[in-house]
Every structure is written in C-alpha cells, then in structure tokens.
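Colleague: File structure39.cif below, mmCIF, C-alpha atoms and all ligand atoms:
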data_protein
loop_
_atom_site.label_atom_id
_atom_site.label_comp_id
_atom_site.auth_asym_id
_atom_site.auth_seq_id
_atom_site.Cartn_x
_atom_site.Cartn_y
_atom_site.Cartn_z
CA MET A 262 0.00 0.00 0.00
CA ARG A 263 1.30 3.45 -0.91
CA ARG A 264 1.96 5.63 2.15
CA ARG A 265 1.46 9.35 1.94
CA VAL A 266 3.41 11.57 4.30
CA SER A 267 2.17 14.98 5.20
CA LEU A 268 3.37 16.83 8.27
CA ALA A 269 3.32 13.82 10.55
CA THR A 270 6.71 12.44 11.54
CA PRO A 271 7.15 9.30 9.49
CA ASN A 272 7.33 5.89 11.05
CA GLN A 273 11.00 5.17 11.51
CA ASP A 274 10.59 1.47 10.83
CA SER A 275 8.92 2.00 7.53
CA LEU A 276 11.62 4.46 6.49
CA THR A 277 14.49 2.17 7.32
CA ALA A 278 12.76 -0.92 6.06
CA SER A 279 14.29 -0.38 2.68
CA PRO A 280 17.69 -2.04 2.96
CA LEU A 281 20.85 -0.50 1.62
CA GLN A 282 21.10 -3.22 -0.97
CA ALA A 283 17.69 -2.41 -2.29
CA ALA A 284 18.67 1.23 -2.33
CA ALA A 285 21.73 0.43 -4.36
CA GLY A 286 19.50 -1.41 -6.77
CA SER A 287 16.78 1.19 -7.04
CA LEU A 288 17.99 4.63 -6.04
CA TYR A 289 21.61 4.20 -6.81
CA THR A 290 21.87 3.07 -10.38
CA GLY A 291 25.63 2.85 -10.57
CA ASP A 292 27.76 5.58 -12.03
CA PRO A 293 31.00 4.46 -13.69
CA THR A 294 31.91 7.92 -14.94
CA LEU A 295 31.55 9.65 -11.61
CA ASP A 296 32.97 9.15 -8.19
CA SER A 297 30.67 6.50 -6.75
CA SER A 298 30.80 8.01 -3.28
CA LEU A 299 29.75 11.36 -4.72
CA SER A 300 26.74 9.86 -6.45
CA ARG A 301 25.45 8.69 -3.05
CA ARG A 302 25.56 12.17 -1.57
CA CYS A 303 22.48 14.33 -1.52
CA LEU A 304 21.23 17.53 0.03
CA VAL A 305 17.66 18.08 1.24
CA VAL A 306 16.56 21.72 1.39
CA ASP A 307 13.36 22.59 3.20
CA ASP A 308 12.49 25.26 5.77
CA GLU A 309 9.99 22.91 7.40
CA PRO A 310 12.08 20.68 9.73
CA ARG A 311 9.69 17.74 9.94
CA LEU A 312 9.26 17.35 6.20
CA ARG A 313 12.98 17.82 5.71
CA GLN A 314 13.80 15.18 8.27
CA ALA A 315 11.29 12.78 6.77
CA LEU A 316 13.09 13.02 3.44
CA VAL A 317 16.51 12.83 5.07
CA ARG A 318 15.53 9.59 6.81
CA LEU A 319 14.18 8.15 3.60
CA MET A 320 17.34 8.97 1.71
CA ARG A 321 19.61 7.72 4.47
CA GLY A 322 17.54 4.56 4.68
CA ASP A 323 18.24 4.06 1.00
CA GLY A 324 21.98 4.31 1.47
CA PHE A 325 22.57 7.99 0.83
CA ILE A 326 24.81 10.29 2.79
CA CYS A 327 22.32 13.04 3.31
CA LEU A 328 23.00 16.66 4.19
CA GLU A 329 20.26 19.11 5.07
CA ALA A 330 19.68 22.82 4.80
CA GLY A 331 16.83 25.01 6.07
CA SER A 332 16.99 27.55 3.25
CA GLY A 333 18.38 28.23 -0.20
CA VAL A 334 21.03 30.49 1.26
CA GLU A 335 22.08 27.80 3.71
CA ALA A 336 22.15 25.23 0.90
CA LEU A 337 24.50 27.33 -1.24
CA ALA A 338 26.75 27.99 1.74
CA LEU A 339 26.91 24.25 2.44
CA LEU A 340 27.76 23.43 -1.17
CA GLU A 341 30.80 25.66 -0.98
CA THR A 342 32.49 22.91 1.03
CA GLU A 343 30.37 19.80 0.39
CA ALA A 344 29.88 18.03 -2.94
CA VAL A 345 26.61 16.26 -3.71
CA ALA A 346 25.10 14.54 -6.73
CA LEU A 347 21.49 15.37 -5.91
CA VAL A 348 19.53 18.23 -4.35
CA LEU A 349 15.93 17.77 -3.23
CA SER A 350 14.52 21.23 -2.68
CA ASP A 351 11.25 22.62 -1.43
CA MET A 352 9.75 25.37 -3.56
CA ARG A 353 8.49 27.84 -0.97
CA MET A 354 11.15 29.05 1.38
CA PRO A 355 11.85 32.44 2.92
CA LYS A 356 14.61 34.70 1.49
CA MET A 357 15.59 32.49 -1.44
CA ASP A 358 12.82 30.33 -2.87
CA GLY A 359 13.36 27.01 -4.65
CA GLN A 360 13.32 28.54 -8.11
CA GLU A 361 16.06 31.02 -7.20
CA LEU A 362 18.09 28.24 -5.59
CA LEU A 363 17.65 26.17 -8.76
CA ARG A 364 18.95 29.05 -10.92
CA ASN A 365 22.01 29.33 -8.71
CA LEU A 366 22.61 25.59 -8.75
CA ARG A 367 22.40 25.37 -12.54
CA ILE A 368 25.05 28.06 -12.88
CA ARG A 369 27.39 27.04 -10.10
CA TYR A 370 26.89 23.27 -9.97
CA PRO A 371 25.60 22.17 -13.39
CA ASP A 372 26.39 18.51 -12.67
CA VAL A 373 24.10 18.35 -9.66
CA ALA A 374 20.68 16.78 -10.30
CA VAL A 375 17.91 18.91 -8.79
CA VAL A 376 14.46 17.56 -7.91
CA MET A 377 11.91 20.13 -6.74
CA ILE A 378 9.30 19.40 -4.09
CA THR A 379 6.09 21.32 -4.51
CA ALA A 380 2.55 21.54 -3.29
CA VAL A 381 -0.01 20.34 -5.80
CA ALA A 382 -1.15 23.94 -6.27
CA GLU A 383 2.35 24.89 -7.42
CA VAL A 384 2.54 22.45 -10.28
CA GLU A 385 2.78 25.20 -12.88
CA VAL A 386 5.75 26.66 -11.07
CA ALA A 387 7.25 23.20 -10.83
CA VAL A 388 6.91 22.74 -14.57
CA ALA A 389 8.63 26.08 -15.03
CA CYS A 390 11.46 24.68 -12.89
CA LEU A 391 11.89 21.85 -15.41
CA SER A 392 12.55 24.42 -18.09
CA LEU A 393 15.12 26.00 -15.78
CA GLY A 394 16.96 22.69 -15.58
CA ALA A 395 15.39 20.76 -12.72
CA MET A 396 15.47 17.03 -13.42
CA ASP A 397 12.02 16.41 -11.97
CA TYR A 398 9.53 17.46 -9.32
CA ILE A 399 7.63 15.68 -6.59
CA THR A 400 4.28 16.92 -5.30
CA LYS A 401 3.38 17.03 -1.63
CA PRO A 402 2.16 15.10 0.16
CA PHE A 403 4.62 12.65 -1.29
CA VAL A 404 4.68 8.88 -1.42
CA PHE A 405 7.98 7.23 -0.53
CA GLU A 406 7.90 4.92 -3.52
CA GLU A 407 7.35 7.90 -5.77
CA VAL A 408 10.27 9.76 -4.19
CA ARG A 409 12.47 6.71 -4.73
CA ALA A 410 11.41 6.38 -8.35
CA ARG A 411 11.90 10.08 -9.11
CA VAL A 412 15.27 10.19 -7.38
CA ALA A 413 16.42 7.09 -9.25
CA GLN A 414 15.29 8.62 -12.54
CA ALA A 415 17.00 11.91 -11.77
CA LEU A 416 20.28 10.20 -10.95
CA GLU A 417 20.04 8.00 -14.03
CA LYS A 418 19.40 11.07 -16.14
CA ARG A 419 22.35 12.81 -14.54
CA ARG A 420 24.54 9.80 -15.28
CA LEU A 421 23.40 9.69 -18.91
CA LEU A 422 24.05 13.41 -19.29
CA ALA A 423 27.52 12.99 -17.81
CA ASP A 424 28.18 9.98 -20.10
CA ASN A 425 26.96 11.95 -23.07
CA ARG A 426 29.12 14.93 -22.20
CA ASP A 427 32.18 12.72 -21.66
CA TYR A 428 31.50 11.06 -24.99
CA GLN A 429 31.19 14.45 -26.71
CA GLU A 430 34.41 15.62 -25.10
CA ARG A 431 36.26 12.48 -26.11
CA LEU A 432 34.86 12.83 -29.61
CA GLU A 433 35.95 16.47 -29.77
CA VAL A 434 39.45 15.52 -28.61
CA ARG A 435 39.62 12.83 -31.30
CA VAL A 436 38.30 15.10 -34.02
CA LYS A 437 40.77 17.81 -32.97
CA ALA A 438 43.65 15.32 -32.96
CA GLN A 439 42.65 14.07 -36.40
CA ALA A 440 42.37 17.62 -37.72
CA GLU A 441 45.84 18.37 -36.37
CA ARG A 442 47.17 15.17 -37.96
CA LEU A 443 45.63 16.14 -41.30
CA GLU A 444 47.10 19.62 -40.96
CA THR A 445 50.53 18.14 -40.22
CA LEU A 446 50.29 15.82 -43.23
CA PHE A 447 49.14 18.70 -45.38
CA LEU A 448 52.00 20.90 -44.28
CA ALA A 449 54.45 18.04 -44.77
CA SER A 450 53.29 17.62 -48.35
CA ILE A 451 53.55 21.35 -48.96
CA GLN A 452 56.98 21.40 -47.34
CA SER A 453 58.14 18.56 -49.56
CA LEU A 454 57.17 20.62 -52.60
CA ALA A 455 59.21 23.56 -51.32
CA ASP A 456 62.10 21.20 -50.53
CA ALA A 457 61.91 19.68 -54.02
CA LEU A 458 62.22 23.15 -55.52
CA GLU A 459 65.24 23.99 -53.39
CA LEU A 460 66.95 20.78 -54.50
CA LYS A 461 66.30 21.67 -58.10
CA ASP A 462 67.28 25.32 -57.76
CA PRO A 463 69.95 25.76 -55.07
CA TYR A 464 69.89 29.55 -55.53
CA THR A 465 66.42 29.62 -54.06
CA ARG A 466 67.64 27.96 -50.85
CA GLY A 467 66.24 29.94 -47.95
CA HIS A 468 64.59 32.37 -50.36
CA SER A 469 61.03 31.14 -49.79
CA VAL A 470 61.40 31.24 -46.02
CA ARG A 471 62.85 34.76 -46.09
CA VAL A 472 60.15 36.00 -48.47
CA SER A 473 57.52 34.47 -46.23
CA GLN A 474 58.97 36.19 -43.16
CA TYR A 475 59.30 39.57 -44.89
CA GLY A 476 55.70 39.18 -46.06
CA VAL A 477 54.54 38.51 -42.50
CA ALA A 478 56.45 41.58 -41.26
CA ILE A 479 54.83 43.77 -43.93
CA ALA A 480 51.37 42.34 -43.18
CA ARG A 481 51.80 43.16 -39.49
CA ALA A 482 52.98 46.69 -40.30
CA MET A 483 49.82 47.08 -42.39
CA ASN A 484 47.70 45.83 -39.46
CA LEU A 485 46.25 42.91 -41.40
CA SER A 486 44.35 40.25 -39.48
CA THR A 487 46.23 37.32 -37.98
CA THR A 488 44.30 34.96 -40.27
CA LEU A 489 45.32 36.84 -43.39
CA THR A 490 48.88 37.17 -42.10
CA ALA A 491 49.10 33.40 -41.57
CA GLN A 492 47.86 32.84 -45.11
CA ILE A 493 50.45 35.29 -46.41
CA GLU A 494 53.10 33.34 -44.52
CA LEU A 495 52.05 30.14 -46.27
CA GLY A 496 51.69 31.80 -49.66
CA GLY A 497 55.14 33.39 -49.31
CA HIS A 498 56.60 30.01 -48.54
CA LEU A 499 55.07 28.53 -51.67
CA HIS A 500 55.16 31.43 -54.09
CA ASP A 501 57.79 29.93 -56.42
CA VAL A 502 56.69 26.28 -56.24
CA GLY A 503 55.82 26.42 -59.95
CA LYS A 504 59.55 26.56 -60.72
CA ILE A 505 59.45 22.79 -60.21
CA GLY A 506 58.05 22.75 -63.73
CA VAL A 507 60.80 24.97 -65.17
CA ARG A 508 63.63 23.33 -67.12
CA GLU A 509 66.64 22.76 -64.90
CA GLU A 510 69.18 24.20 -67.33
CA VAL A 511 67.19 27.43 -67.37
CA LEU A 512 66.73 27.48 -63.63
CA ARG A 513 70.43 26.89 -62.98
CA LYS A 514 71.77 29.00 -65.83
CA ALA A 515 74.80 30.97 -64.60
CA GLY A 516 74.21 33.96 -66.82
CA PRO A 517 71.59 36.35 -68.17
CA LEU A 518 68.53 34.68 -69.69
CA THR A 519 67.41 34.86 -73.30
CA ASN A 520 63.89 36.14 -73.95
CA GLU A 521 62.65 32.61 -74.51
CA GLU A 522 64.25 31.43 -71.26
CA TYR A 523 62.79 34.38 -69.37
CA GLU A 524 59.33 33.67 -70.73
CA HIS A 525 59.72 30.01 -69.82
CA ILE A 526 60.68 30.90 -66.23
CA MET A 527 57.77 33.30 -65.99
CA THR A 528 55.33 30.44 -66.54
CA HIS A 529 56.01 29.44 -62.92
CA PRO A 530 53.18 31.50 -61.32
CA VAL A 531 50.53 29.67 -63.35
CA LEU A 532 52.31 26.32 -63.01
CA GLY A 533 52.46 26.75 -59.22
CA TRP A 534 48.81 27.76 -59.12
CA GLN A 535 47.87 24.64 -61.10
CA ILE A 536 49.95 22.39 -58.84
CA LEU A 537 48.60 23.85 -55.63
CA GLN A 538 44.97 24.41 -56.53
CA PRO A 539 43.85 20.90 -55.53
CA LEU A 540 45.75 21.21 -52.24
CA LEU A 541 44.88 24.80 -51.38
CA GLY A 542 41.32 25.04 -52.67
CA ASP A 543 40.25 26.36 -49.27
CA ASN A 544 43.05 28.90 -49.13
CA PRO A 545 42.50 31.42 -51.95
CA VAL A 546 44.90 33.90 -50.35
CA ALA A 547 47.90 31.58 -50.72
CA LEU A 548 46.77 30.67 -54.24
CA ASN A 549 46.51 34.36 -55.14
CA ILE A 550 50.08 34.88 -54.00
CA VAL A 551 51.36 31.99 -56.07
CA ARG A 552 49.56 33.17 -59.19
CA SER A 553 49.91 36.93 -58.91
CA HIS A 554 53.27 37.68 -57.25
CA HIS A 555 54.73 38.80 -60.61
CA GLU A 556 51.92 41.18 -61.47
CA ARG A 557 52.82 44.89 -61.63
CA ILE A 558 50.85 47.87 -60.41
CA ASP A 559 51.04 49.38 -63.94
CA GLY A 560 49.40 46.28 -65.44
CA ARG A 561 52.51 45.07 -67.30
CA GLY A 562 53.13 41.98 -65.15
CA VAL A 563 52.29 38.29 -65.58
CA PRO A 564 50.22 36.22 -65.94
CA ASP A 565 46.94 38.19 -65.94
CA LYS A 566 48.19 41.76 -66.46
CA PHE A 567 46.15 42.88 -63.45
CA ALA A 568 46.75 46.49 -62.44
CA GLY A 569 46.47 48.44 -59.20
CA ASP A 570 43.99 47.12 -56.66
CA ASP A 571 42.92 44.35 -59.04
CA ILE A 572 46.08 42.59 -57.87
CA PRO A 573 45.24 40.92 -54.56
CA LEU A 574 46.91 42.77 -51.67
CA GLU A 575 48.60 39.58 -50.48
CA ALA A 576 50.30 39.23 -53.89
CA ARG A 577 51.38 42.89 -53.86
CA ILE A 578 52.98 42.26 -50.46
CA ILE A 579 54.87 39.15 -51.51
CA ALA A 580 55.97 40.87 -54.74
CA VAL A 581 57.90 43.45 -52.67
CA ALA A 582 59.30 40.83 -50.29
CA ASP A 583 60.33 38.63 -53.22
CA ALA A 584 62.04 41.45 -55.14
CA PHE A 585 63.93 42.67 -52.07
CA ASP A 586 65.31 39.19 -51.33
CA ALA A 587 66.18 38.55 -54.98
CA MET A 588 68.07 41.86 -55.22
CA MET A 589 70.00 41.09 -52.03
CA SER A 590 70.98 37.58 -53.19
CA LYS A 591 74.23 36.82 -54.94
CA ARG A 592 73.99 35.00 -58.25
CA PRO A 593 76.90 33.43 -60.16
CA TYR A 594 76.73 36.23 -62.71
CA ARG A 595 76.17 39.16 -60.34
CA ASN A 596 76.69 40.31 -56.77
CA GLY A 597 73.74 41.08 -54.61
CA LEU A 598 72.80 44.69 -54.05
CA THR A 599 73.46 46.32 -50.71
CA PHE A 600 70.51 47.03 -48.45
CA THR A 601 70.64 50.74 -49.35
CA GLU A 602 70.73 49.97 -53.08
CA ALA A 603 67.89 47.46 -52.85
CA MET A 604 65.71 49.85 -50.85
CA ALA A 605 66.46 52.66 -53.32
CA GLU A 606 65.39 50.40 -56.17
CA LEU A 607 62.14 49.50 -54.42
CA ARG A 608 61.44 53.18 -53.91
CA ARG A 609 62.29 53.97 -57.55
CA VAL A 610 59.76 51.49 -58.94
CA ALA A 611 57.07 52.03 -56.29
CA GLY A 612 53.94 53.12 -58.13
CA THR A 613 54.88 51.38 -61.40
CA GLN A 614 56.00 47.91 -60.39
CA PHE A 615 55.07 47.84 -56.70
CA ASP A 616 52.28 49.15 -54.50
CA VAL A 617 53.49 52.37 -52.83
CA ASN A 618 51.74 51.51 -49.56
CA VAL A 619 53.41 48.12 -49.42
CA VAL A 620 56.81 49.64 -50.14
CA ASP A 621 56.17 52.20 -47.37
CA ALA A 622 55.28 49.38 -44.98
CA PHE A 623 58.44 47.50 -45.96
CA PHE A 624 60.57 50.60 -45.30
CA GLU A 625 59.01 50.76 -41.85
CA VAL A 626 59.73 47.13 -40.98
CA ALA A 627 63.16 47.05 -42.64
CA ARG A 628 64.32 49.68 -40.16
CA ASN A 629 62.91 47.82 -37.16
CA GLU A 630 63.25 44.12 -37.89
CA ALA A 631 66.63 42.66 -37.06
CA PHE A 632 66.09 39.64 -39.31
CA ILE A 633 66.11 41.83 -42.41
CA PRO A 634 69.71 42.29 -43.57
CA ASP A 635 71.21 45.75 -43.59
CA ASP A 636 74.33 47.10 -45.32
CA SER A 637 76.57 45.29 -42.85
CA GLY A 638 75.09 42.07 -44.19
CA GLU A 639 74.38 40.96 -40.64
CA THR A 640 70.99 39.55 -39.76
CA GLU A 641 69.44 37.60 -37.01
CA ALA A 642 69.08 34.05 -38.27
CA ILE A 643 65.56 33.45 -39.43
CA LYS A 644 64.08 30.58 -37.59
CA LEU A 645 63.05 27.92 -40.04
CA ARG A 646 59.66 26.57 -39.23
CA ALA A 647 56.78 24.89 -40.91
CA PRO A 648 54.44 27.37 -42.56
CA THR A 649 51.07 27.90 -40.94
CA ARG A 650 47.82 27.90 -42.83
FE FE B 1 58.46 34.07 -58.53
#
Mind converting the file's structure to structure tokens?
Modeller:
Amino acid sequence: MRRRVSLATPNQDSLTASPLQAAAGSLYTGDPTLDSSLSRRCLVVDDEPRLRQALVRLMRGDGFICLEAGSGVEALALLETEAVALVLSDMRMPKMDGQELLRNLRIRYPDVAVVMITAVAEVEVAVACLSLGAMDYITKPFVFEEVRARVAQALEKRRLLADNRDYQERLEVRVKAQAERLETLFLASIQSLADALELKDPYTRGHSVRVSQYGVAIARAMNLSTTLTAQIELGGHLHDVGKIGVREEVLRKAGPLTNEEYEHIMTHPVLGWQILQPLLGDNPVALNIVRSHHERIDGRGVPDKFAGDDIPLEARIIAVADAFDAMMSKRPYRNGLTFTEAMAELRRVAGTQFDVNVVDAFFEVARNEAFIPDDSGETEAIKLRAPTR
C-alpha cells in the first residue's frame, strides 16, 4: 500500500525498512563515470524541519549520505564545502525560494541533479522549474515509492548526461587530434614541394622562407588580421613552387637569360597555381600569391596583367618581399645589391611595379626588424619553421 506523508513524523521502521542493498538497486543506479561516493551524496533543502527530516531519513535509509539545509542560502553555503550529486529542494522558502536556488545551482553546480518538491497547487511553477533545468519534481504530500522512483530517474538522467558529455568531449578531442594530424600531413606535403624546388634550384635555398617572413612583417605593419597574415606566410613560402616545372638548365643557368628562357621561367606562377589548386582550394589567399606575385601595379606583369587594386593585396605584399630578397641575393653572374641599393630600387619602382603603400610598410619594418639584412650584411638568423595555414 502506498503511504502518503504529510506533516506527521514518518514511522521510523517504515523508512528504514528499505535495505541498503535495495537502495543500491533502485535509487543508486551505478555511475562508472563519476565518483561512486559522490553519487550517493544528496542535500535536502526545506524550511519545514519535519518534512525535511522525513526526506533525510528516507534517503539515508536508502543508502545515501544526506546533508540538510533550512533555506536556499544555507544550501548554497553548504555546497561551498560539500559536494553532492542530488539536491531535493522545497519550492516555498523564505529569502531564497526554490526557483532562485535552482537558478544558482544550474550556474554554479551544473552537474548536480535537482528535484523540486512542490505543493499540488504549485505544479505550474514546478513545470517552469523543469525548463530551468530541474530534473524532476515531486508533489506534496509525497509517497515514498514515488520519491524513490523520481530520485532514481533523476540520478540515471544525470549519469546519462555525464556519459553523453564525456562522450562528446572524447569525440571532440579525437576530431581535434585528427584535424591536427591532417594539418601536419598537409604541411608536410607542402613542405616537400618547397624542398623539391630547393633541390632543383639551389639559388632559391632559404629564399622562400625569407620572403615568407618579410611578407609577415609587412602584413603586421599594415595591421592585417592574424588569419590573413598566416595565409600570407604560407603563400610566401610557396610562391615559387611552380619553378618545379621549369627546365633545370634554365633554372640553374649561370648567366643572363634569353627572352625565350625568361618567358619560360615566368610560366612558374601559373604552373604553381595549377599544382597547388587541388591542395589549397580552401586557401584562396595563398593561391593568389602563387599566381599573382609577378603582377605589376602598372598592369605590365604576368600572368593576368592585373593592375592596381585588381592585384590581390597579399600578392602585392609578396611581390615586394620577393624582389627585395632577390636583389640582395648573390647569383653566379652578379653580386647582390646592398641594403641601401635594394631599398632605393624598391622606392624607384614604387607606383609602377610595386604598390606604394606596401613599399612604405616595408621601409618601416626594414628599419625595425633585425632579421632583415642591412648594409653590414648581418641579420638575425631566421628561424626555419613549418608554414602555418
Ligand atoms: Fe616568382
């Protein structure tokens, strides 16, 4: 027979009749993801001592370690030092009512299952509590079996939520690890392309890395976003990859090029773009750099004869970085320019070959960045590192 408890002190025998084992089987559903001792701890909050004690006895009789509080304020103070898996809370209490306590619990202790205890007349409020995150509610006067069932359900729900969250977290960690692995593999394949080019054309050794770093410095001086700057770094690293498709005798020629040879070399922007398009489809900035770093502001560049702002900014940046490094590099048939000479040349052709704003930005960084060589020829070694996307 179902026993209803109102304000009368419950019969102690009936409350303790439920053995701990039964409690473990009904109330305590087992909780492999949480500390098992924690999942047996609960807090009963009620300003009415007799009802509170009735619930406390029931819970203790079912194997719970049961704390009690006479108000919402007291409950929150207690939870500062005591951990519980479950809170059974009355709705009407002075100072802080059950709904307010529930709001606080959801914010501060989201893993705690909360079951509200309400008078029948408060059912609408109790339903509102469900939308605030209560696991369930029990109406007064309550029946012990019903309390047991609701508590067991609440704890089971809490366990499932915790399992689900752990699963999501594990999944997120796996997905993140796989994304990082893919990124590493991607960068390795890109790096191997750059390495292949350096093997084929020893004069470009270090060139791509320096161009990339100069490009990053210019991008920062121009206050570009970190995302765009990272893409410029990658594009700078790869800008000459198309030279893989250039004949070796032309690439390594120790003397001035014929017109035919020059035209052959200048196919490398489009070749690089074709090679990288399948790999960098989601990175148009880097692709723009590869294709358009030999365009000129006056529209006389290659391959598309873009002029002015039609040339993507990232390509205008790498064009300046590329030219500066090329002018500073020694070739078998010529010495490199000094820093002063190279900067003077950049200034001379700013507005026809290069974007004036980019040249201005490069002048600014060239004075401040120790890794950019000056007339003494001394630089801070550029740290070689994998390009970022
Ligand atoms: Fe180039």
Colleague: Which protein, DNA or RNA residues have an atom within 12 Å of ligand FE 1 (chain B), counting all atoms listed in the file, as an MDAnalysis selection string?
Modeller: chainID A and resid 458 465 468:469 472 496:505 507 512 523 526:534 550:556 562:564 576 579:584 586:587
Colleague: How about saving the chosen residues, C-alpha atoms kept, as a PDB file, keeping the file's coordinate frame?
Modeller:
ATOM      1  CA  LEU A 458      62.220  23.150 -55.520  1.00  0.00           C
ATOM      2  CA  THR A 465      66.420  29.620 -54.060  1.00  0.00           C
ATOM      3  CA  HIS A 468      64.590  32.370 -50.360  1.00  0.00           C
ATOM      4  CA  SER A 469      61.030  31.140 -49.790  1.00  0.00           C
ATOM      5  CA  VAL A 472      60.150  36.000 -48.470  1.00  0.00           C
ATOM      6  CA  GLY A 496      51.690  31.800 -49.660  1.00  0.00           C
ATOM      7  CA  GLY A 497      55.140  33.390 -49.310  1.00  0.00           C
ATOM      8  CA  HIS A 498      56.600  30.010 -48.540  1.00  0.00           C
ATOM      9  CA  LEU A 499      55.070  28.530 -51.670  1.00  0.00           C
ATOM     10  CA  HIS A 500      55.160  31.430 -54.090  1.00  0.00           C
ATOM     11  CA  ASP A 501      57.790  29.930 -56.420  1.00  0.00           C
ATOM     12  CA  VAL A 502      56.690  26.280 -56.240  1.00  0.00           C
ATOM     13  CA  GLY A 503      55.820  26.420 -59.950  1.00  0.00           C
ATOM     14  CA  LYS A 504      59.550  26.560 -60.720  1.00  0.00           C
ATOM     15  CA  ILE A 505      59.450  22.790 -60.210  1.00  0.00           C
ATOM     16  CA  VAL A 507      60.800  24.970 -65.170  1.00  0.00           C
ATOM     17  CA  LEU A 512      66.730  27.480 -63.630  1.00  0.00           C
ATOM     18  CA  TYR A 523      62.790  34.380 -69.370  1.00  0.00           C
ATOM     19  CA  ILE A 526      60.680  30.900 -66.230  1.00  0.00           C
ATOM     20  CA  MET A 527      57.770  33.300 -65.990  1.00  0.00           C
ATOM     21  CA  THR A 528      55.330  30.440 -66.540  1.00  0.00           C
ATOM     22  CA  HIS A 529      56.010  29.440 -62.920  1.00  0.00           C
ATOM     23  CA  PRO A 530      53.180  31.500 -61.320  1.00  0.00           C
ATOM     24  CA  VAL A 531      50.530  29.670 -63.350  1.00  0.00           C
ATOM     25  CA  LEU A 532      52.310  26.320 -63.010  1.00  0.00           C
ATOM     26  CA  GLY A 533      52.460  26.750 -59.220  1.00  0.00           C
ATOM     27  CA  TRP A 534      48.810  27.760 -59.120  1.00  0.00           C
ATOM     28  CA  ILE A 550      50.080  34.880 -54.000  1.00  0.00           C
ATOM     29  CA  VAL A 551      51.360  31.990 -56.070  1.00  0.00           C
ATOM     30  CA  ARG A 552      49.560  33.170 -59.190  1.00  0.00           C
ATOM     31  CA  SER A 553      49.910  36.930 -58.910  1.00  0.00           C
ATOM     32  CA  HIS A 554      53.270  37.680 -57.250  1.00  0.00           C
ATOM     33  CA  HIS A 555      54.730  38.800 -60.610  1.00  0.00           C
ATOM     34  CA  GLU A 556      51.920  41.180 -61.470  1.00  0.00           C
ATOM     35  CA  GLY A 562      53.130  41.980 -65.150  1.00  0.00           C
ATOM     36  CA  VAL A 563      52.290  38.290 -65.580  1.00  0.00           C
ATOM     37  CA  PRO A 564      50.220  36.220 -65.940  1.00  0.00           C
ATOM     38  CA  ALA A 576      50.300  39.230 -53.890  1.00  0.00           C
ATOM     39  CA  ILE A 579      54.870  39.150 -51.510  1.00  0.00           C
ATOM     40  CA  ALA A 580      55.970  40.870 -54.740  1.00  0.00           C
ATOM     41  CA  VAL A 581      57.900  43.450 -52.670  1.00  0.00           C
ATOM     42  CA  ALA A 582      59.300  40.830 -50.290  1.00  0.00           C
ATOM     43  CA  ASP A 583      60.330  38.630 -53.220  1.00  0.00           C
ATOM     44  CA  ALA A 584      62.040  41.450 -55.140  1.00  0.00           C
ATOM     45  CA  ASP A 586      65.310  39.190 -51.330  1.00  0.00           C
ATOM     46  CA  ALA A 587      66.180  38.550 -54.980  1.00  0.00           C
TER      47      ALA A 587
END
Colleague: Excluding Ile479 (chain A) and any residue of its chain fewer than 4 positions from it, enumerate the residues within 10 Å of it, using all atoms listed in the file, and give them as a VMD selection string.
Modeller: chain A and resid 473 to 475 483 to 485 490 493 575 578 to 579 581 to 582 619 to 627
Colleague: Quick one: of A:Asn365, A:Ser350, A:Thr342, A:Gln614, who's nearest to Val306 (chain A), counting all atoms listed in the file?
Modeller: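 Using all atoms listed in the file, Val306 (chain A) sits closest to A:Ser350.
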Colleague: Which polymer residues, whether protein, DNA or RNA, lie within 7 Å of the coordinate (65.2, 47.2, -54.6) when you count all atoms listed in the file? List them as a list of chain:residue names, using the chain letters and numbers from the file.
Modeller: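 Returned residue set, sorted by chain then number, is A:Ala584, A:Phe585, A:Met588, A:Glu602, A:Ala603, A:Met604, A:Ala605, A:Glu606, A:Leu607.
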Colleague: Between A:Lys566, A:Arg431, A:Arg419, A:Arg513, which one has atoms that come closest to Pro371 (chain A), using only C-alpha atoms?
Modeller: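 Closest to Pro371 (chain A) of all the choices is A:Arg419.
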Colleague: Which distance in Å separates CA of Pro402 (chain A) and CA of Arg367 (chain A), to one decimal?
Modeller: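 It comes out at 26.0 Å.
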Colleague: From the set A:Asp323, A:Glu335, A:Glu441, A:Asp308, which residue has the shortest atom-to-atom contact distance to Ala410 (chain A), counting only C-alpha atoms?
Modeller: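 Closest to Ala410 (chain A) of all the choices is A:Asp323.
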Colleague: What is the distance between CA of Arg321 (chain A) and CA of Arg301 (chain A), in Å to one decimal?
Modeller: 9.6 Å
Colleague: Using only C-alpha atoms, which of the listed residues (A:Val334, A:Val375, A:Val384, A:Val470) sits closest to Pro355 (chain A)?
Modeller: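 Using only C-alpha atoms, the shortest distance to Pro355 (chain A) belongs to A:Val334.
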Colleague: Any idea what the distance is between CA of Ala423 (chain A) and CA of Ser300 (chain A)?
Modeller: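 Between these atoms lies a distance of 11.8 Å.
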Colleague: Find the residue from A:Arg420, A:Ile633, A:Leu495, A:Met320 that sits nearest to Arg471 (chain A); use only C-alpha atoms when measuring.
Modeller: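 The closest residue to Arg471 (chain A) is A:Ile633.
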